[in-house]
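Here is the structure we will look at.
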Amino acid sequence: MLVNWPQRLGPMAMALALATAGHACELCRQAYVTALEAAPKASALHPQAPVVAYRLEVSEKMLSPAGQPVKVLALNGGTPGPVLRFREGDVARVTVVNSLTDETTSIHWHGLLVPNLEDGVPEVTTPLIRPGQSRTFEFLIRQHGTYWYHSHTGHQKQRGVYGAIVIEPKQPVVVASHEEVVVLSDWTDESPMEVQRTLLRGSDWYAYRKGTAQSLLGAYQAGKLDEYLGQQKKLVPPMDLSDVAFDAFLMNGQRRLRLAGKPGQTTRLRLVNAAAATYFYLDAATGPLKIVSADGQDVVPFDQKRLLIGPAETYDILVTTPATGSWELRATAQDGSGAVSAWLGEGPEQAAKSPPPPGRYGMDDYLLSILDELDPEPDAPESARPLSPYLKLRAATPHPVAKSHRELTLKLAGDMIRYEWTFDGMDPHQAEMIKVKEGETIRVRLVNNTMMHHPIHFHGHFFRLVDPADPNPATSPLKHTVDVPPMSVRTIEFTADEGRGDWLLHCHLLYHHITGMVRTVRVTGADGAEPPHPAATHSMPKTYAWGQAALTTAAFTGFATVQSGRDNWNLRWEEAVDGDHGHEYELGYSRYLDTRISLHAGYRFDTMEGGRDGPFVGLSYRLPYFVDFVLTQQAGGETRGALMKSLQLTDRISLDLGLRRGRLTGTSGSADLRLTLSKQFSLTAGYSSDFGAGVGILTRF
Ligand SMILES: [Cu+2]
């Protein structure tokens, strides 16, 4: 039927029909949003409820989070933004003012139960807030506890747009005489776009800077050479607790925080992990932490010596300040790269402990320890580097448990080499959204097939953390964010009872979210009725460019690429310095298919021995030990195979090897040693059969 359309309608009519269909769809999306906007707001629906209003202005400001003045995105002039305080039953009215000159912004209310339109995900649920514009959010406060808000636009959360939300219960419950809000975050003086670019280009720079880079020598010295080589053989990337090297870790925007804590006083600490990419271990000098709430939900109080708090999670803990002294509450980054502390009380300082540093090698041991902890022996002691204390979390009041559910599995997938993170290996632009009928209960198995932790957040709902062996599911914890440890599974269950619309499910590590670890859950009517338009994709910056050039006494070589999703546009060149040996330039396109295969096409200009100009097609295939094999066929009869391998000898020294054989151009090879000097520069020395021996400098741009 469809095949016959063009003949019937003619190409012009066909084009018009398609254009109109697309346009109509955009129009119906606008009509849908307009209707939502026109519907009565919370203050009209609940006229008796007190309205608590705030104004949040997003603007650019020079601040010094890590000591040096740098541009920060501030909220009302600072970061974090003000603590928004409400009482259960209030109507929140928050006006977000965008005072940025050339960027849109957004605010998402993390963990709050709000109508879909108020959820704050730009374009998916809520219109953009353009420069100079403002938007007023309104929603009824239907819960209590510690939550937070943050921008859901690009990298703005990393740049400072976040703050805490504190909601008192309807009937005040005093569990502590005093309370403090502590917002944890990570800060980098680099622009987060530059961080993302550094991660995408596959640079080891951050690992090197943190002293966590892996190398042949390091593995040998640690007695883990067999394991290291075994992983290289199986194409398992090096273990990595975190991707980025940060310049500072902060509490309430400060590198050292002093909290009021009178001797003998018990303080309720409302902890929010607003970091873009950091898990923290919390230790208190006063002893075990008494946890009373997790993700805003009251839990049966329990003691935890050391608390792992993932990005986007919140915990409320009770700490009693002893009679004398100043007591440290220390948050140590999970990768051991730094810490930040708050001090309670006055007098001689009592330091908290830090967790033992993570092993740089020994991934097998680490994975075994995770499995042990997920399924612990009775009375097993708390690990020195514990997982999140989910096994100890019990809801303070029972909640209903659905009698039946539909089950689905999402695989948390990652390609460390390309730095691409997904659910099920699928680009969010192509992946089908998950459709759930209103009232339906869905159980999602989050299967982490990667070597990293991922904090998975679901918008607008609480989910139940499912433990099939739990005899009392009615008190299983309710959360909005769950840490899924490496190579393990967490199961969550939610009922779609927070209204129709598109709700995001995503990894809260910002740099993962941006590469594509995100999925839309569409809650349809109970009969499956949907809005008349497709879900908008949560668009995040996805085009980045980078390159590298080496100038030695023998040759000028390098490459540059523009990457957008799985597409790359590439330029590659090599040219002898003396001009006698000719040059070879390639201009091309490549498409990344999966971890092992990419396809190439382009044009080659080759004046070296046996070379010629002409178009080529080819593919590259990744062999065990991360050896790349590239096969190209050029017009004019040149068939070429090349093998490439980069060996990390020590933290700073790598050896790049290349071997190439062409039907017309013969065999050539090269070996180059590189010594890392800085993020941009390396020294290089090597030999190539085409250009001879040379020393020089390599720059990454
Ligand atoms: Cu992730």
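Note on naming: chains are A, B, ... as they come in the structure tokens, residues start from 1 per chain, ligands start from 1 in the order shown.
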Please identify every polymer residue within 6 Å of ligand 1, using only C-alpha atoms and all ligand atoms, and present the set as a VMD selection string.
chain A and resid 454 507 509 512
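Once Arg652 of chain A and its same-chain neighbours fewer than 6 positions away are set aside, Tyr208, Arg674, Leu675, Thr676 and Leu677 of chain A remain within 8 Å of it when counting only C-alpha atoms.
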Take the residues from that selection and write them out as a PDB file, in the first residue's frame, keeping N, CA and C atoms.
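Result written to selection.pdb:
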ATOM      1  N   TYR A 208      45.357   9.652  35.086  1.00  0.00           N
ATOM      2  CA  TYR A 208      46.751   9.990  35.362  1.00  0.00           C
ATOM      3  C   TYR A 208      46.833  11.053  36.457  1.00  0.00           C
ATOM      4  N   ARG A 674      55.753   7.849  23.866  1.00  0.00           N
ATOM      5  CA  ARG A 674      55.184   9.151  24.241  1.00  0.00           C
ATOM      6  C   ARG A 674      55.331   9.329  25.748  1.00  0.00           C
ATOM      7  N   LEU A 675      55.778  10.491  26.121  1.00  0.00           N
ATOM      8  CA  LEU A 675      55.899  10.814  27.546  1.00  0.00           C
ATOM      9  C   LEU A 675      54.938  11.964  27.856  1.00  0.00           C
ATOM     10  N   THR A 676      53.950  11.712  28.707  1.00  0.00           N
ATOM     11  CA  THR A 676      52.949  12.741  29.023  1.00  0.00           C
ATOM     12  C   THR A 676      53.576  13.863  29.851  1.00  0.00           C
ATOM     13  N   LEU A 677      53.459  15.101  29.360  1.00  0.00           N
ATOM     14  CA  LEU A 677      53.936  16.266  30.116  1.00  0.00           C
ATOM     15  C   LEU A 677      52.769  16.986  30.778  1.00  0.00           C
TER      16      LEU A 677
END
Just the residues within 7 Å of Thr136 of chain A, please, counting only C-alpha atoms, with nothing from its chain fewer than 4 positions along; format it as a tab-separated table (two decimals) with C-alpha atoms, in the first residue's frame.
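Output (part11.tsv):
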chain	number	residue	atom	x	y	z
A	93	ARG	CA	5.16	28.52	43.82
A	94	VAL	CA	8.67	28.96	42.47
A	95	THR	CA	9.51	31.50	39.80
A	96	VAL	CA	12.68	30.63	37.91
Mind checking which residues fall within 6 Å of Val51 of chain A, counting only C-alpha atoms, ignoring those fewer than 5 positions away in the same chain, and posting them as a PDB file with N, CA and C atoms, in the first residue's frame?
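Generated file (part11.pdb):
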ATOM      1  N   ASP A  90       1.450  22.516  51.727  1.00  0.00           N
ATOM      2  CA  ASP A  90       1.623  23.831  51.096  1.00  0.00           C
ATOM      3  C   ASP A  90       1.483  23.707  49.581  1.00  0.00           C
ATOM      4  N   VAL A  91       1.215  24.835  48.957  1.00  0.00           N
ATOM      5  CA  VAL A  91       1.419  24.922  47.515  1.00  0.00           C
ATOM      6  C   VAL A  91       2.746  25.649  47.298  1.00  0.00           C
ATOM      7  N   ALA A  92       3.647  24.995  46.583  1.00  0.00           N
ATOM      8  CA  ALA A  92       4.926  25.632  46.251  1.00  0.00           C
ATOM      9  C   ALA A  92       4.729  26.450  44.986  1.00  0.00           C
TER      10      ALA A  92
END
Please identify the strand (DSSP E) residues within segment 3-229 of chain A (assignment by DSSP from backbone atoms) and present them as a PyMOL selection string.
chain A and resi 51-63+70-75+84-87+91-98+108-110+134-140+145-150+162-168+178-187
For Asp672 of chain A, which residue out of A:Asp527, A:Asp656, A:Asp204, A:Glu575 is the nearest one, using only C-alpha atoms?
A:Asp656
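Of the residues in segment 446-677 of chain A, those that DSSP places in alpha helix (DSSP H) on the basis of the backbone are Leu510, Tyr511, His512, His513, Ile514 and Thr515 of chain A.
Neighbouring residues of segment 607-613 of chain A at 9 Å or closer, counting only C-alpha atoms and skipping chain neighbours under 5 positions away, are A:His581, A:Gly582, A:His583, A:Glu584, A:Gln634, A:Ala635, A:Gly636, A:Glu638, A:Gly662, A:Arg663, A:Leu664, A:Thr665, A:Gly666, A:Asp690.
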Could you check the closest approach to Glu349 of chain A for each of A:Thr332, A:Thr324, A:Ser646, A:Thr314 and tell me which residue wins, using only C-alpha atoms?
A:Thr324
